[in-house]
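File shown here: query34.tsv, holding TSV, N, CA, C and O atoms.
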```
chain	number	residue	atom	x	y	z
A	968	MET	N	2.62	-21.88	16.34
A	968	MET	CA	2.09	-22.17	15.01
A	968	MET	C	1.38	-20.94	14.44
A	968	MET	O	1.51	-20.64	13.27
A	969	ASN	N	0.66	-20.25	15.29
A	969	ASN	CA	-0.08	-19.07	14.83
A	969	ASN	C	0.88	-17.98	14.34
A	969	ASN	O	0.60	-17.29	13.38
A	970	ASN	N	2.03	-17.84	15.02
A	970	ASN	CA	3.02	-16.85	14.59
A	970	ASN	C	3.58	-17.17	13.22
A	970	ASN	O	3.82	-16.28	12.41
A	971	LEU	N	3.84	-18.45	12.96
A	971	LEU	CA	4.36	-18.85	11.65
A	971	LEU	C	3.35	-18.56	10.55
A	971	LEU	O	3.71	-18.07	9.48
A	972	LEU	N	2.08	-18.83	10.82
A	972	LEU	CA	1.04	-18.57	9.83
A	972	LEU	C	0.93	-17.07	9.57
A	972	LEU	O	0.82	-16.63	8.44
A	973	SER	N	0.99	-16.29	10.64
A	973	SER	CA	0.91	-14.84	10.50
A	973	SER	C	2.09	-14.30	9.70
A	973	SER	O	1.93	-13.43	8.85
A	974	LEU	N	3.29	-14.81	9.97
A	974	LEU	CA	4.48	-14.37	9.25
A	974	LEU	C	4.38	-14.73	7.78
A	974	LEU	O	4.68	-13.91	6.91
A	975	HIS	N	3.91	-15.94	7.48
A	975	HIS	CA	3.77	-16.38	6.09
A	975	HIS	C	2.76	-15.51	5.35
A	975	HIS	O	2.98	-15.11	4.21
A	976	THR	N	1.64	-15.18	6.00
A	976	THR	CA	0.61	-14.35	5.37
A	976	THR	C	1.14	-12.95	5.11
A	976	THR	O	0.92	-12.37	4.05
A	977	LYS	N	1.88	-12.39	6.08
A	977	LYS	CA	2.44	-11.06	5.92
A	977	LYS	C	3.45	-11.04	4.77
A	977	LYS	O	3.46	-10.14	3.94
A	978	GLU	N	4.29	-12.08	4.71
A	978	GLU	CA	5.29	-12.19	3.65
A	978	GLU	C	4.60	-12.25	2.29
A	978	GLU	O	5.02	-11.61	1.33
A	979	LYS	N	3.54	-13.04	2.21
A	979	LYS	CA	2.83	-13.21	0.96
A	979	LYS	C	2.15	-11.91	0.53
A	979	LYS	O	2.18	-11.55	-0.64
A	980	SER	N	1.58	-11.16	1.47
A	980	SER	CA	0.92	-9.91	1.11
A	980	SER	C	1.94	-8.87	0.66
A	980	SER	O	1.67	-8.07	-0.23
A	981	GLN	N	3.13	-8.85	1.25
A	981	GLN	CA	4.17	-7.92	0.82
A	981	GLN	C	4.64	-8.26	-0.58
A	981	GLN	O	4.90	-7.37	-1.39
A	982	LYS	N	4.74	-9.53	-0.88
A	982	LYS	CA	5.14	-9.94	-2.23
A	982	LYS	C	4.05	-9.53	-3.22
A	982	LYS	O	4.35	-9.09	-4.32
A	983	GLY	N	2.79	-9.62	-2.83
A	983	GLY	CA	1.68	-9.22	-3.69
A	983	GLY	C	1.72	-7.73	-3.97
A	983	GLY	O	1.46	-7.29	-5.09
A	984	ILE	N	2.05	-6.94	-2.97
A	984	ILE	CA	2.15	-5.49	-3.15
A	984	ILE	C	3.29	-5.18	-4.11
A	984	ILE	O	3.15	-4.37	-5.03
A	985	PHE	N	4.43	-5.83	-3.94
A	985	PHE	CA	5.58	-5.61	-4.82
A	985	PHE	C	5.22	-5.96	-6.25
A	985	PHE	O	5.54	-5.20	-7.18
A	986	MET	N	4.57	-7.09	-6.45
A	986	MET	CA	4.20	-7.49	-7.81
A	986	MET	C	3.18	-6.52	-8.41
A	986	MET	O	3.18	-6.29	-9.61
A	987	GLY	N	2.35	-5.93	-7.57
A	987	GLY	CA	1.41	-4.92	-8.05
A	987	GLY	C	2.15	-3.73	-8.63
A	987	GLY	O	1.77	-3.19	-9.68
A	988	TYR	N	3.23	-3.31	-7.95
A	988	TYR	CA	4.05	-2.21	-8.46
A	988	TYR	C	4.71	-2.61	-9.79
A	988	TYR	O	4.77	-1.81	-10.72
A	989	VAL	N	5.20	-3.82	-9.86
A	989	VAL	CA	5.85	-4.29	-11.10
A	989	VAL	C	4.85	-4.27	-12.25
A	989	VAL	O	5.15	-3.78	-13.34
A	990	TYR	N	3.63	-4.79	-12.02
A	990	TYR	CA	2.62	-4.80	-13.08
A	990	TYR	C	2.23	-3.38	-13.48
A	990	TYR	O	2.02	-3.10	-14.66
A	991	ALA	N	2.14	-2.48	-12.51
A	991	ALA	CA	1.79	-1.09	-12.82
A	991	ALA	C	2.87	-0.45	-13.69
A	991	ALA	O	2.56	0.26	-14.66
A	992	ILE	N	4.14	-0.70	-13.38
A	992	ILE	CA	5.24	-0.15	-14.18
A	992	ILE	C	5.22	-0.74	-15.58
A	992	ILE	O	5.40	-0.02	-16.57
A	993	LEU	N	5.01	-2.05	-15.67
A	993	LEU	CA	4.96	-2.67	-17.00
A	993	LEU	C	3.81	-2.13	-17.83
A	993	LEU	O	3.97	-1.89	-19.04
A	994	ASN	N	2.66	-1.91	-17.21
A	994	ASN	CA	1.53	-1.33	-17.94
A	994	ASN	C	1.85	0.09	-18.39
A	994	ASN	O	1.50	0.50	-19.49
A	995	TYR	N	2.51	0.86	-17.54
A	995	TYR	CA	2.91	2.23	-17.90
A	995	TYR	C	3.86	2.21	-19.08
A	995	TYR	O	3.74	3.03	-20.00
A	996	LEU	N	4.82	1.28	-19.08
A	996	LEU	CA	5.81	1.23	-20.15
A	996	LEU	C	5.20	0.91	-21.51
A	996	LEU	O	5.81	1.18	-22.54
A	997	ARG	N	4.01	0.36	-21.52
A	997	ARG	CA	3.34	0.03	-22.78
A	997	ARG	C	2.56	1.22	-23.35
A	997	ARG	O	1.99	1.10	-24.43
A	998	THR	N	2.53	2.33	-22.66
A	998	THR	CA	1.72	3.47	-23.11
A	998	THR	C	2.54	4.43	-23.98
A	998	THR	O	3.76	4.41	-23.98
A	999	GLU	N	1.81	5.28	-24.69
A	999	GLU	CA	2.44	6.31	-25.52
A	999	GLU	C	3.18	7.32	-24.64
A	999	GLU	O	4.24	7.81	-24.99
A	1000	LYS	N	2.61	7.63	-23.48
A	1000	LYS	CA	3.24	8.59	-22.55
A	1000	LYS	C	4.61	8.09	-22.11
A	1000	LYS	O	5.54	8.87	-21.99
A	1001	ALA	N	4.74	6.81	-21.88
A	1001	ALA	CA	6.02	6.25	-21.45
A	1001	ALA	C	7.08	6.45	-22.53
A	1001	ALA	O	8.22	6.80	-22.24
A	1002	ARG	N	6.70	6.24	-23.78
A	1002	ARG	CA	7.66	6.45	-24.88
A	1002	ARG	C	8.06	7.92	-24.96
A	1002	ARG	O	9.23	8.25	-25.16
A	1003	HIS	N	7.10	8.81	-24.76
A	1003	HIS	CA	7.39	10.24	-24.78
A	1003	HIS	C	8.31	10.60	-23.61
A	1003	HIS	O	9.29	11.34	-23.78
A	1004	ASP	N	8.02	10.08	-22.42
A	1004	ASP	CA	8.84	10.35	-21.24
A	1004	ASP	C	10.25	9.82	-21.41
A	1004	ASP	O	11.23	10.48	-21.05
A	1005	LEU	N	10.37	8.61	-21.98
A	1005	LEU	CA	11.69	8.01	-22.19
A	1005	LEU	C	12.52	8.88	-23.14
A	1005	LEU	O	13.70	9.12	-22.89
A	1006	PHE	N	11.89	9.39	-24.19
A	1006	PHE	CA	12.58	10.29	-25.11
A	1006	PHE	C	13.06	11.54	-24.38
A	1006	PHE	O	14.19	11.99	-24.57
A	1007	ASP	N	12.21	12.10	-23.52
A	1007	ASP	CA	12.59	13.29	-22.75
A	1007	ASP	C	13.76	13.00	-21.82
A	1007	ASP	O	14.67	13.82	-21.67
A	1008	TYR	N	13.74	11.84	-21.14
A	1008	TYR	CA	14.82	11.48	-20.22
A	1008	TYR	C	16.14	11.30	-20.97
A	1008	TYR	O	17.19	11.73	-20.50
A	1009	LEU	N	16.09	10.65	-22.13
A	1009	LEU	CA	17.31	10.46	-22.92
A	1009	LEU	C	17.85	11.80	-23.41
A	1009	LEU	O	19.06	12.04	-23.37
A	1010	ARG	N	16.96	12.68	-23.85
A	1010	ARG	CA	17.39	14.00	-24.31
A	1010	ARG	C	18.04	14.78	-23.17
A	1010	ARG	O	19.09	15.40	-23.34
A	1011	ALA	N	17.45	14.72	-21.98
A	1011	ALA	CA	18.01	15.41	-20.82
A	1011	ALA	C	19.39	14.84	-20.46
A	1011	ALA	O	20.32	15.59	-20.14
A	1012	ALA	N	19.54	13.51	-20.53
A	1012	ALA	CA	20.83	12.88	-20.21
A	1012	ALA	C	21.90	13.31	-21.21
A	1012	ALA	O	23.05	13.59	-20.83
A	1013	ILE	N	21.53	13.40	-22.49
A	1013	ILE	CA	22.49	13.84	-23.52
A	1013	ILE	C	22.89	15.28	-23.30
A	1013	ILE	O	24.08	15.64	-23.40
A	1014	ILE	N	21.92	16.13	-22.96
A	1014	ILE	CA	22.24	17.55	-22.71
A	1014	ILE	C	23.16	17.68	-21.50
A	1014	ILE	O	24.13	18.46	-21.52
A	1015	MET	N	22.87	16.92	-20.43
A	1015	MET	CA	23.73	16.98	-19.24
A	1015	MET	C	25.14	16.49	-19.55
A	1015	MET	O	26.13	17.09	-19.10
A	1016	ALA	N	25.26	15.40	-20.32
A	1016	ALA	CA	26.58	14.88	-20.67
A	1016	ALA	C	27.34	15.89	-21.52
A	1016	ALA	O	28.55	16.09	-21.31
A	1017	ALA	N	26.66	16.54	-22.44
A	1017	ALA	CA	27.32	17.55	-23.29
A	1017	ALA	C	27.77	18.74	-22.44
A	1017	ALA	O	28.89	19.25	-22.62
A	1018	ALA	N	26.94	19.17	-21.52
A	1018	ALA	CA	27.32	20.30	-20.65
A	1018	ALA	C	28.52	19.93	-19.79
A	1018	ALA	O	29.45	20.74	-19.62
A	1019	MET	N	28.54	18.72	-19.25
A	1019	MET	CA	29.69	18.28	-18.43
A	1019	MET	C	30.96	18.21	-19.27
A	1019	MET	O	32.04	18.57	-18.81
A	1020	ALA	N	30.83	17.76	-20.53
A	1020	ALA	CA	32.00	17.67	-21.40
A	1020	ALA	C	32.54	19.06	-21.71
A	1020	ALA	O	33.76	19.28	-21.69
A	1021	VAL	N	31.65	20.01	-21.97
A	1021	VAL	CA	32.08	21.38	-22.25
A	1021	VAL	C	32.79	21.97	-21.03
A	1021	VAL	O	33.84	22.61	-21.15
A	1022	ILE	N	32.23	21.77	-19.85
A	1022	ILE	CA	32.85	22.28	-18.63
A	1022	ILE	C	34.22	21.63	-18.41
A	1022	ILE	O	35.20	22.30	-18.08
A	1023	ARG	N	34.30	20.32	-18.63
A	1023	ARG	CA	35.57	19.61	-18.45
A	1023	ARG	C	36.63	20.13	-19.41
A	1023	ARG	O	37.78	20.36	-19.04
A	1024	ILE	N	36.24	20.31	-20.66
A	1024	ILE	CA	37.18	20.84	-21.66
A	1024	ILE	C	37.60	22.27	-21.31
A	1024	ILE	O	38.76	22.63	-21.38
A	1025	GLY	N	36.61	23.06	-20.88
A	1025	GLY	CA	36.90	24.44	-20.48
A	1025	GLY	C	37.86	24.51	-19.30
A	1025	GLY	O	38.78	25.32	-19.28
A	1026	LEU	N	37.69	23.64	-18.32
A	1026	LEU	CA	38.60	23.62	-17.18
A	1026	LEU	C	39.99	23.14	-17.60
A	1026	LEU	O	41.00	23.60	-17.06
A	1027	GLY	N	40.04	22.24	-18.57
A	1027	GLY	CA	41.33	21.77	-19.07
A	1027	GLY	C	42.09	22.87	-19.77
A	1027	GLY	O	43.32	22.94	-19.70
A	1028	ILE	N	41.38	23.73	-20.46
A	1028	ILE	CA	42.03	24.85	-21.17
A	1028	ILE	C	42.54	25.88	-20.16
A	1028	ILE	O	43.63	26.44	-20.32
A	1029	ILE	N	41.78	26.15	-19.13
A	1029	ILE	CA	42.15	27.16	-18.14
A	1029	ILE	C	43.39	26.73	-17.36
A	1029	ILE	O	44.26	27.55	-17.07
A	1030	ARG	N	43.49	25.48	-17.04
A	1030	ARG	CA	44.62	25.00	-16.23
A	1030	ARG	C	45.83	25.04	-17.05
A	1030	ARG	O	46.77	25.10	-17.32
```

Any chance you could give the structure as structure tokens?
Amino acid sequence: MNNLLSLHTKEKSQKGIFMGYVYAILNYLRTEKARHDLFDYLRAAIIMAAAMAVIRIGLGIIR
């Protein structure tokens, strides 16, 4: 019985830690910094996609 109680308590504390991370991320997403970071990530993704497209087109011309 003691093992079951210990397992249940451990499971519950791990779920609490996970939810703490979720709440921290949600709070971060509500900040101005998050909006700025998201804009930077999108800009970087667009630049990388454009660079890959240029390389792909360039390799197509060479072949």

Q.
Between atom N of Lys1000 in chain A and atom N of Phe985 in chain A, what is the distance in Å, rounded to a tenth?
A. 23.8 Å

Might I get the box with edges along x, y and z of the file that holds all atoms of range 979-994 of chain A listed there, padded by 4 Å on every side, given as centre and edge lengths in Å to one decimal, as lines of an AutoDock Vina configuration file?
```
center_x = 3.4
center_y = -6.4
center_z = -8.6
size_x = 12.9
size_y = 21.7
size_z = 29.7
```

(Q) Can you measure atom O of Gly1027 in chain A to atom O of Ile1014 in chain A for me? One decimal in Å is fine. (A)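 A separation of 19.8 Å between them.
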